[in-house]
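Structure first, commentary second.
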Amino acid sequence: MTIVENEVQIPGQIVVLDPQDGSTVGTVPAASKADAERAVDFASRAFESYRTLPANVRSSALAEVAKLLHEEREEFSRLIAREGIKTIREARREVARCVNTLKLSAEEVSRLTGETIPFDQAEGSENRVGYYRRIPLGVVVAITPFNDPLNLVAHKIGPAIAAGNAVILKPHSETPLSAQRLVNLFARTGLPAGLLQMLTGRGSEIGDTLVSDPRVRMISFTGGKDVGKHIQAIAGVKKLAMELGSSCPVIVFPDADEALALDASISGAFWAAGQNCLHVQRLLLHETIFDDFARQFCQRATALRVGNKLDDATDMGPMINEQAAKKLEALVVDALDSGASLLCGGRRQGNVFFPTVLANVDPTCAIAEEEVFGPVTILERFNSVEEAIAKANSVDHGLQAGIFTRDLNIAFRVADALDCGGVMINDSSDFRIDAMPFGGTKGSGIGREGVAHAAREMSDVKTYCFNLQQSVGCETDL
Ligand code: NAD
């Protein structure tokens, strides 16, 4: 399959461009299939050599990287803001979260415990004792997207190292520089070479080699549904973690704290210019509050300062490339052609798409079904709890949802009925802390991240059973 990525073609190199002005931020090697095979060879040998590496060494390396990252937080933030789509304020937030993700990973090392097993519960096994413990899988391939180029990398390599695996990281080829700098921090710790490698390259060139190699025991993928499906089709028998896209709903009931709902949903709709898997794509408003809420939401969306990512005053930056912005524009035009109302925005300038709010969208339009992954939010009306639930569940995605209400009964009822991986009550769909379980249902993926959960998915359970003799040979005088 061919995934087109926005790169200047220089043989053997990938030039990383700032999506804001096309200036060069850096270059990285463009790995080949042969490089990918060598990386798997090296990782397999490193895993064999270090499979008994003590937990305290892994934990110390992770804690040390968290400390170094905190010390270099401003340099990392500027790099994220230059290579990607985030404003400097958004980038600083990502770095702070990444420090926490690595600290959690360091702590998780000591929580990956086992249990004793009561073998004597089975007749005939009275002489047996045993336990299970967690063991690493082996080689884990981590494939990451462009939108959170640092913290989503940490969400994979942190738990993978905590669990004792050898990791090969393949970051997105448009945003590999902050990941590369993070991997370089690991090289300054006591983590043996080969347990963490990074391959910078195009997914279309090296992806299949990494994914289909039988020596790779797990693919941990975060990205779009199309690439996810392709990986699933060719991976063979190995563990898969799939963190895919969504079309998250936020439901606002008439008794909600309106100011809270507005603040949270504006931030959730336009954070990272909507290039966020938890982006508020659908805002479901009760009929009685629709007009007033829609007016205030549009006022706030229009007031967002779109501009220079490195300026502290900027609220929203560009999309990753012009192709992505044009794709979003086509979705909006298609919706408008089918009768949707444009409440604000709808304008594209190069790869900048201005905050856009739509209403009266025909449910058969592509934008009503697909993830927009950009700064567009669709407003919908509902009249009853059942209608809100049905509308929220109507898409083939189920990552997270938000509900705003003061009524506990409604909150519990709706939260139980929503078919998704997490429901935030009195927060927008985009609320997340790095320790919580995170992942989706339906087309949003398979498995859960969040450090403790990812570390368990990236390890196996091994059972030990001792069949003890009734009388032992070594008699004592006791
Ligand atoms: P993408 O699918 O285009 O790329 C993701 C990664 O896959 C990149 O590293 C890319 O190089 C690689 N890739 C491409 N072709 C490949 C192949 N054949 N084999 C192996 N790897 C290949 O996604 P993107 O545009 O970077 O990110 C946007 C998507 O990611 C959105 O759908 C978004 O919702 C999703 N996302 C999900 C989460 C989550 O946690 N659920 C978080 C962030 C982003």
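By convention in this document, the chains of the structure tokens carry letters A, B, ... by their order, each chain's residues are numbered from 1, and ligands are numbered from 1 in the order they are shown.
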Within-8 Å residues of ligand 1, basis only C-alpha atoms and all ligand atoms, as a PyMOL selection string: chain A and resi 1-3+5+143-148+152+170-173+201-208+210-211+221-228+230-231+242-246+275-278+371+373+399+438-440+444-445+449
Near-Arg51 in chain A list (10 Å; only C-alpha atoms; drop same-chain fewer than 4 positions) as a ChimeraX atom specification: /A:45-47,135-138,164-166,195
Residues from the last selection, all heavy atoms, saved as a short mmCIF file (atom, residue, chain, number, x, y, z; two decimals), in the first residue's frame:
```cif
data_model
loop_
_atom_site.label_atom_id
_atom_site.label_comp_id
_atom_site.auth_asym_id
_atom_site.auth_seq_id
_atom_site.Cartn_x
_atom_site.Cartn_y
_atom_site.Cartn_z
N ARG A 45 19.07 -10.15 18.99
CA ARG A 45 20.30 -10.56 19.70
C ARG A 45 20.41 -9.82 21.04
O ARG A 45 20.77 -10.40 22.05
CB ARG A 45 21.53 -10.32 18.83
CG ARG A 45 21.67 -11.44 17.77
CD ARG A 45 22.96 -11.35 17.01
NE ARG A 45 22.86 -10.37 15.94
CZ ARG A 45 23.60 -9.27 15.84
NH1 ARG A 45 24.53 -9.02 16.74
NH2 ARG A 45 23.44 -8.42 14.85
N ALA A 46 20.05 -8.53 21.03
CA ALA A 46 20.12 -7.75 22.28
C ALA A 46 19.17 -8.33 23.31
O ALA A 46 19.51 -8.46 24.49
CB ALA A 46 19.78 -6.29 22.00
N PHE A 47 17.97 -8.74 22.85
CA PHE A 47 17.01 -9.29 23.80
C PHE A 47 17.55 -10.58 24.41
O PHE A 47 17.45 -10.79 25.63
CB PHE A 47 15.66 -9.54 23.12
CG PHE A 47 14.66 -10.15 24.08
CD1 PHE A 47 14.16 -9.40 25.13
CD2 PHE A 47 14.27 -11.47 23.95
CE1 PHE A 47 13.28 -9.96 26.05
CE2 PHE A 47 13.38 -12.03 24.86
CZ PHE A 47 12.89 -11.28 25.91
N ILE A 135 6.77 -11.99 32.13
CA ILE A 135 8.02 -12.04 31.37
C ILE A 135 7.88 -11.15 30.13
O ILE A 135 6.78 -10.94 29.63
CB ILE A 135 8.37 -13.48 30.95
CG1 ILE A 135 7.22 -14.09 30.12
CG2 ILE A 135 8.69 -14.35 32.14
CD1 ILE A 135 7.63 -15.31 29.33
N PRO A 136 9.02 -10.63 29.65
CA PRO A 136 8.93 -9.80 28.45
C PRO A 136 8.52 -10.63 27.24
O PRO A 136 8.69 -11.86 27.23
CB PRO A 136 10.35 -9.25 28.28
CG PRO A 136 11.22 -10.08 29.14
CD PRO A 136 10.38 -10.72 30.20
N LEU A 137 8.02 -9.94 26.21
CA LEU A 137 7.62 -10.65 24.98
C LEU A 137 8.83 -10.94 24.10
O LEU A 137 8.91 -11.97 23.44
CB LEU A 137 6.66 -9.78 24.16
CG LEU A 137 5.32 -9.41 24.80
CD1 LEU A 137 4.58 -8.43 23.90
CD2 LEU A 137 4.48 -10.67 24.99
N GLY A 138 9.76 -9.98 24.03
CA GLY A 138 10.90 -10.09 23.10
C GLY A 138 11.04 -8.79 22.35
O GLY A 138 11.17 -7.73 22.96
N GLY A 164 10.74 -5.11 29.99
CA GLY A 164 11.95 -5.88 29.67
C GLY A 164 12.13 -6.27 28.22
O GLY A 164 12.91 -7.16 27.90
N ASN A 165 11.41 -5.61 27.31
CA ASN A 165 11.50 -5.95 25.89
C ASN A 165 12.64 -5.20 25.20
O ASN A 165 13.18 -4.24 25.74
CB ASN A 165 10.18 -5.55 25.19
CG ASN A 165 9.01 -6.31 25.76
OD1 ASN A 165 8.90 -7.52 25.58
ND2 ASN A 165 8.13 -5.61 26.47
N ALA A 166 12.93 -5.62 23.97
CA ALA A 166 13.78 -4.84 23.07
C ALA A 166 12.84 -4.11 22.12
O ALA A 166 11.95 -4.73 21.53
CB ALA A 166 14.72 -5.75 22.29
N LEU A 195 18.57 -2.50 23.03
CA LEU A 195 17.26 -2.65 23.66
C LEU A 195 16.31 -1.53 23.21
O LEU A 195 15.10 -1.65 23.33
CB LEU A 195 17.38 -2.67 25.18
CG LEU A 195 17.97 -3.95 25.77
CD1 LEU A 195 17.85 -3.95 27.28
CD2 LEU A 195 17.32 -5.21 25.21
#
```
Straight-line distance linking CA of Ser265 in chain A with CA of Phe354 in chain A, stated in Å to one decimal: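 Distance between the two atoms: 16.5 Å.
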Sel. of strand (DSSP E) residues, range 287-423 of chain A, as a PyMOL selection string: chain A and resi 341-344+348-349+352-353+356-359+376-382+397-398+400-404+422-423
Contact residues around Lys86 in chain A with only C-alpha atoms at 7 Å, ignoring same-chain residues under 5 positions, as a list in words: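 Contacts, in chain order: Ile80, Ala81, Ala91, Ala272, Lys309 and Gly317 of chain A.
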Using DSSP secondary structure from the backbone, list all helix (DSSP H, G or I) positions within range 74-205 of chain A, as a compact mmCIF listing (two decimals) with N, CA, C and O atoms, in the first residue's frame.
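Okay, this is what ended up in selection-v7.txt:
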```txt
# COMPACT_ATOMS: atom_id res chain seq x y z
N GLU A 74 12.47 22.93 27.62
CA GLU A 74 12.20 24.02 26.70
C GLU A 74 12.71 23.70 25.29
O GLU A 74 12.04 23.98 24.29
N GLU A 75 13.90 23.06 25.21
CA GLU A 75 14.45 22.69 23.89
C GLU A 75 13.51 21.69 23.21
O GLU A 75 13.22 21.79 22.01
N PHE A 76 13.03 20.71 24.00
CA PHE A 76 12.10 19.72 23.43
C PHE A 76 10.81 20.40 22.97
O PHE A 76 10.28 20.09 21.91
N SER A 77 10.32 21.34 23.77
CA SER A 77 9.05 22.00 23.42
C SER A 77 9.19 22.75 22.10
O SER A 77 8.31 22.70 21.24
N ARG A 78 10.30 23.45 21.95
CA ARG A 78 10.50 24.22 20.70
C ARG A 78 10.62 23.28 19.50
O ARG A 78 10.12 23.58 18.42
N LEU A 79 11.27 22.14 19.73
CA LEU A 79 11.42 21.19 18.62
C LEU A 79 10.05 20.63 18.19
O LEU A 79 9.74 20.54 17.00
N ILE A 80 9.22 20.28 19.18
CA ILE A 80 7.87 19.78 18.86
C ILE A 80 7.08 20.86 18.12
O ILE A 80 6.41 20.60 17.12
N ALA A 81 7.19 22.11 18.61
CA ALA A 81 6.43 23.20 17.99
C ALA A 81 6.94 23.49 16.58
O ALA A 81 6.19 23.99 15.75
N ARG A 82 8.20 23.21 16.30
CA ARG A 82 8.71 23.48 14.94
C ARG A 82 8.42 22.33 13.98
O ARG A 82 7.98 22.54 12.87
N GLU A 83 8.68 21.09 14.40
CA GLU A 83 8.53 20.00 13.43
C GLU A 83 7.06 19.63 13.19
O GLU A 83 6.74 19.04 12.17
N ILE A 88 3.52 26.55 20.84
CA ILE A 88 4.53 26.37 21.88
C ILE A 88 3.86 26.01 23.23
O ILE A 88 4.37 25.18 23.98
N ARG A 89 2.69 26.59 23.49
CA ARG A 89 2.02 26.25 24.77
C ARG A 89 1.57 24.79 24.76
O ARG A 89 1.70 24.08 25.75
N GLU A 90 1.05 24.34 23.63
CA GLU A 90 0.62 22.94 23.53
C GLU A 90 1.83 22.01 23.62
O GLU A 90 1.76 20.94 24.24
N ALA A 91 2.94 22.43 23.01
CA ALA A 91 4.15 21.59 23.04
C ALA A 91 4.69 21.47 24.46
O ALA A 91 5.11 20.38 24.89
N ARG A 92 4.66 22.57 25.21
CA ARG A 92 5.15 22.51 26.61
C ARG A 92 4.32 21.53 27.42
O ARG A 92 4.83 20.79 28.26
N ARG A 93 3.04 21.55 27.18
CA ARG A 93 2.13 20.63 27.90
C ARG A 93 2.50 19.17 27.54
O ARG A 93 2.50 18.31 28.40
N GLU A 94 2.80 18.94 26.28
CA GLU A 94 3.14 17.57 25.86
C GLU A 94 4.43 17.11 26.55
O GLU A 94 4.52 15.96 27.01
N VAL A 95 5.42 17.98 26.63
CA VAL A 95 6.69 17.58 27.25
C VAL A 95 6.47 17.27 28.74
O VAL A 95 6.98 16.26 29.26
N ALA A 96 5.69 18.12 29.41
CA ALA A 96 5.43 17.87 30.84
C ALA A 96 4.74 16.52 31.02
O ALA A 96 5.07 15.74 31.94
N ARG A 97 3.80 16.20 30.13
CA ARG A 97 3.12 14.90 30.24
C ARG A 97 4.09 13.76 29.95
O ARG A 97 4.03 12.70 30.58
N CYS A 98 4.99 14.00 29.02
CA CYS A 98 5.94 12.94 28.67
C CYS A 98 6.87 12.62 29.85
O CYS A 98 7.19 11.45 30.09
N VAL A 99 7.28 13.66 30.58
CA VAL A 99 8.11 13.43 31.77
C VAL A 99 7.35 12.49 32.71
O VAL A 99 7.89 11.51 33.24
N ASN A 100 6.06 12.77 32.88
CA ASN A 100 5.24 11.97 33.78
C ASN A 100 5.08 10.53 33.25
O ASN A 100 5.16 9.57 34.02
N THR A 101 4.90 10.39 31.94
CA THR A 101 4.75 9.05 31.35
C THR A 101 6.00 8.21 31.64
O THR A 101 5.92 7.01 31.97
N LEU A 102 7.16 8.85 31.52
CA LEU A 102 8.42 8.10 31.76
C LEU A 102 8.59 7.78 33.25
O LEU A 102 9.06 6.70 33.61
N LYS A 103 8.19 8.74 34.11
CA LYS A 103 8.27 8.45 35.56
C LYS A 103 7.36 7.28 35.92
O LYS A 103 7.73 6.38 36.67
N LEU A 104 6.13 7.31 35.36
CA LEU A 104 5.18 6.21 35.62
C LEU A 104 5.77 4.88 35.14
O LEU A 104 5.62 3.84 35.80
N SER A 105 6.45 4.92 33.99
CA SER A 105 7.04 3.69 33.43
C SER A 105 8.13 3.17 34.36
O SER A 105 8.24 1.96 34.59
N ALA A 106 8.94 4.10 34.90
CA ALA A 106 10.01 3.69 35.83
C ALA A 106 9.39 3.01 37.06
O ALA A 106 9.89 1.99 37.54
N GLU A 107 8.28 3.58 37.54
CA GLU A 107 7.62 3.00 38.72
C GLU A 107 6.97 1.66 38.40
O GLU A 107 6.92 0.76 39.23
N GLU A 108 6.45 1.54 37.18
CA GLU A 108 5.70 0.34 36.80
C GLU A 108 6.56 -0.91 36.83
O GLU A 108 6.06 -2.02 37.03
N VAL A 109 7.88 -0.71 36.65
CA VAL A 109 8.80 -1.86 36.67
C VAL A 109 8.56 -2.69 37.93
O VAL A 109 8.52 -3.92 37.89
N SER A 110 8.38 -2.00 39.06
CA SER A 110 8.26 -2.76 40.32
C SER A 110 6.83 -3.24 40.56
O SER A 110 6.56 -3.92 41.55
N ARG A 111 5.90 -2.88 39.69
CA ARG A 111 4.52 -3.34 39.88
C ARG A 111 4.18 -4.52 38.97
O ARG A 111 3.06 -5.03 39.02
N PHE A 119 -2.37 -24.58 43.65
CA PHE A 119 -2.47 -25.82 42.87
C PHE A 119 -3.25 -26.90 43.61
O PHE A 119 -3.86 -27.78 42.99
N ASP A 120 -3.25 -26.83 44.95
CA ASP A 120 -3.92 -27.89 45.71
C ASP A 120 -5.44 -27.80 45.63
O ASP A 120 -6.15 -28.62 46.18
N GLN A 121 -5.98 -26.81 44.92
CA GLN A 121 -7.45 -26.78 44.74
C GLN A 121 -7.90 -27.88 43.79
O GLN A 121 -9.08 -28.22 43.74
N ASN A 151 5.08 12.37 23.37
CA ASN A 151 4.43 11.62 24.45
C ASN A 151 3.86 10.29 23.97
O ASN A 151 3.86 9.30 24.72
N LEU A 152 3.42 10.22 22.71
CA LEU A 152 2.91 8.93 22.23
C LEU A 152 4.06 7.94 22.00
O LEU A 152 3.86 6.73 22.06
N VAL A 153 5.25 8.47 21.75
CA VAL A 153 6.44 7.61 21.68
C VAL A 153 6.73 7.07 23.08
O VAL A 153 6.94 5.86 23.28
N ALA A 154 6.69 7.96 24.08
CA ALA A 154 6.95 7.53 25.47
C ALA A 154 5.92 6.50 25.93
O ALA A 154 6.24 5.59 26.70
N HIS A 155 4.66 6.63 25.45
CA HIS A 155 3.62 5.69 25.85
C HIS A 155 3.89 4.28 25.33
O HIS A 155 3.25 3.32 25.75
N LYS A 156 4.81 4.16 24.37
CA LYS A 156 5.15 2.83 23.87
C LYS A 156 6.51 2.38 24.40
O LYS A 156 6.63 1.30 24.95
N ILE A 157 7.53 3.25 24.26
CA ILE A 157 8.85 2.76 24.66
C ILE A 157 8.98 2.68 26.19
O ILE A 157 9.68 1.80 26.68
N GLY A 158 8.25 3.54 26.92
CA GLY A 158 8.32 3.47 28.39
C GLY A 158 7.84 2.11 28.90
O GLY A 158 8.61 1.36 29.53
N PRO A 159 6.59 1.74 28.62
CA PRO A 159 6.10 0.43 29.11
C PRO A 159 6.86 -0.75 28.51
O PRO A 159 7.06 -1.76 29.18
N ALA A 160 7.30 -0.62 27.24
CA ALA A 160 8.01 -1.75 26.62
C ALA A 160 9.33 -2.01 27.35
O ALA A 160 9.69 -3.17 27.62
N ILE A 161 10.05 -0.94 27.69
CA ILE A 161 11.31 -1.12 28.42
C ILE A 161 11.02 -1.56 29.86
O ILE A 161 11.69 -2.44 30.40
N ALA A 162 9.98 -0.97 30.46
CA ALA A 162 9.61 -1.38 31.82
C ALA A 162 9.39 -2.89 31.88
O ALA A 162 9.80 -3.57 32.82
N LEU A 177 11.99 14.25 14.87
CA LEU A 177 13.14 14.86 15.53
C LEU A 177 13.05 14.85 17.06
O LEU A 177 14.05 14.61 17.74
N SER A 178 11.85 15.09 17.60
CA SER A 178 11.75 15.07 19.06
C SER A 178 11.90 13.63 19.56
O SER A 178 12.51 13.38 20.61
N ALA A 179 11.40 12.66 18.77
CA ALA A 179 11.57 11.23 19.15
C ALA A 179 13.06 10.88 19.13
O ALA A 179 13.56 10.19 20.03
N GLN A 180 13.76 11.36 18.11
CA GLN A 180 15.19 11.06 18.00
C GLN A 180 15.95 11.62 19.20
O GLN A 180 16.81 10.97 19.78
N ARG A 181 15.58 12.85 19.58
CA ARG A 181 16.27 13.47 20.72
C ARG A 181 15.97 12.69 22.01
O ARG A 181 16.84 12.53 22.87
N LEU A 182 14.75 12.17 22.12
CA LEU A 182 14.39 11.37 23.30
C LEU A 182 15.21 10.08 23.33
O LEU A 182 15.74 9.68 24.38
N VAL A 183 15.31 9.42 22.18
CA VAL A 183 16.07 8.17 22.12
C VAL A 183 17.54 8.44 22.47
O VAL A 183 18.19 7.64 23.16
N ASN A 184 18.04 9.59 22.06
CA ASN A 184 19.43 9.95 22.41
C ASN A 184 19.60 10.10 23.92
O ASN A 184 20.68 9.84 24.45
N LEU A 185 18.55 10.52 24.62
CA LEU A 185 18.66 10.61 26.08
C LEU A 185 18.84 9.22 26.69
O LEU A 185 19.59 9.05 27.65
N PHE A 186 18.18 8.22 26.11
CA PHE A 186 18.33 6.85 26.64
C PHE A 186 19.77 6.38 26.49
O PHE A 186 20.28 5.61 27.30
N ALA A 187 20.42 6.85 25.40
CA ALA A 187 21.82 6.43 25.17
C ALA A 187 22.73 6.96 26.27
O ALA A 187 23.84 6.45 26.45
N GLY A 203 6.82 4.84 6.31
CA GLY A 203 6.06 3.64 6.63
C GLY A 203 5.88 2.75 5.41
O GLY A 203 5.96 1.52 5.50
N SER A 204 5.67 3.39 4.26
CA SER A 204 5.43 2.62 3.04
C SER A 204 6.68 1.84 2.61
O SER A 204 6.59 0.84 1.92
N GLU A 205 7.86 2.28 3.06
CA GLU A 205 9.11 1.61 2.66
C GLU A 205 9.48 0.50 3.65
O GLU A 205 9.77 -0.62 3.27
```
For CA of Thr175 in chain A and CA of Gly22 in chain A, the interatomic separation in Å (one decimal): 13.3 Å
Find the nearest atom pair between each residue of range 358-426 of chain A and range 286-308 of chain A for residues within 9 Å, count only C-alpha atoms, give distances in Å to one decimal, sort rows by chain and ascending number, and present the table as a tab-separated table.
```
residue	atom	partner	partner_atom	distance
A:Leu379	CA	A:Ala294	CA	7.5
A:Glu380	CA	A:Phe290	CA	8.3
A:Arg381	CA	A:Glu287	CA	5.4
A:Phe382	CA	A:His286	CA	5.0
A:Asn383	CA	A:Glu287	CA	5.7
A:Ser384	CA	A:His286	CA	7.8
A:Ala388	CA	A:His286	CA	8.4
```
One-decimal distance in Å that lies between CA of Gln281 in chain A and CA of Asn426 in chain A: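 Taking CA of Asn426 in chain A and CA of Gln281 in chain A, their separation equals 16.9 Å.
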Residue with smallest distance to Tyr464 in chain A - pool A:Gly130, A:Pro19, A:Gly374, A:Gly124, counting only C-alpha atoms: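 Ranking A:Gly130, A:Pro19, A:Gly374, A:Gly124 by distance to Tyr464 in chain A, first place goes to A:Gly130.
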Among the residues A:Val139, A:Val25, A:Leu68, A:Ala325, the one that comes closest to Met218 in chain A [using only C-alpha atoms]: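 Nearest to Met218 in chain A: A:Val139.
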Among listed residues A:Ser428, A:Pro11, A:Val423, A:Val216, nearest Asp263 in chain A (using only C-alpha atoms):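 The answer is A:Ser428, which sits nearest to Asp263 in chain A.
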Could you name the residues that touch His279 in chain A at 6 Å or less, counting only C-alpha atoms, but leaving out those on the same chain fewer than 4 positions away, as a PDB file with N, CA and C atoms, in the first residue's frame?
```pdb
ATOM      1  N   GLY A 268     -11.280  21.141  23.685  1.00  0.00           N
ATOM      2  CA  GLY A 268     -11.264  19.791  23.093  1.00  0.00           C
ATOM      3  C   GLY A 268     -11.468  19.801  21.587  1.00  0.00           C
ATOM      4  N   ALA A 269     -12.133  20.832  21.073  1.00  0.00           N
ATOM      5  CA  ALA A 269     -12.391  20.896  19.630  1.00  0.00           C
ATOM      6  C   ALA A 269     -11.185  21.439  18.863  1.00  0.00           C
ATOM      7  N   GLY A 274      -7.302  20.507  16.169  1.00  0.00           N
ATOM      8  CA  GLY A 274      -8.199  19.360  15.975  1.00  0.00           C
ATOM      9  C   GLY A 274      -7.490  18.075  15.586  1.00  0.00           C
TER      10      GLY A 274
END
```
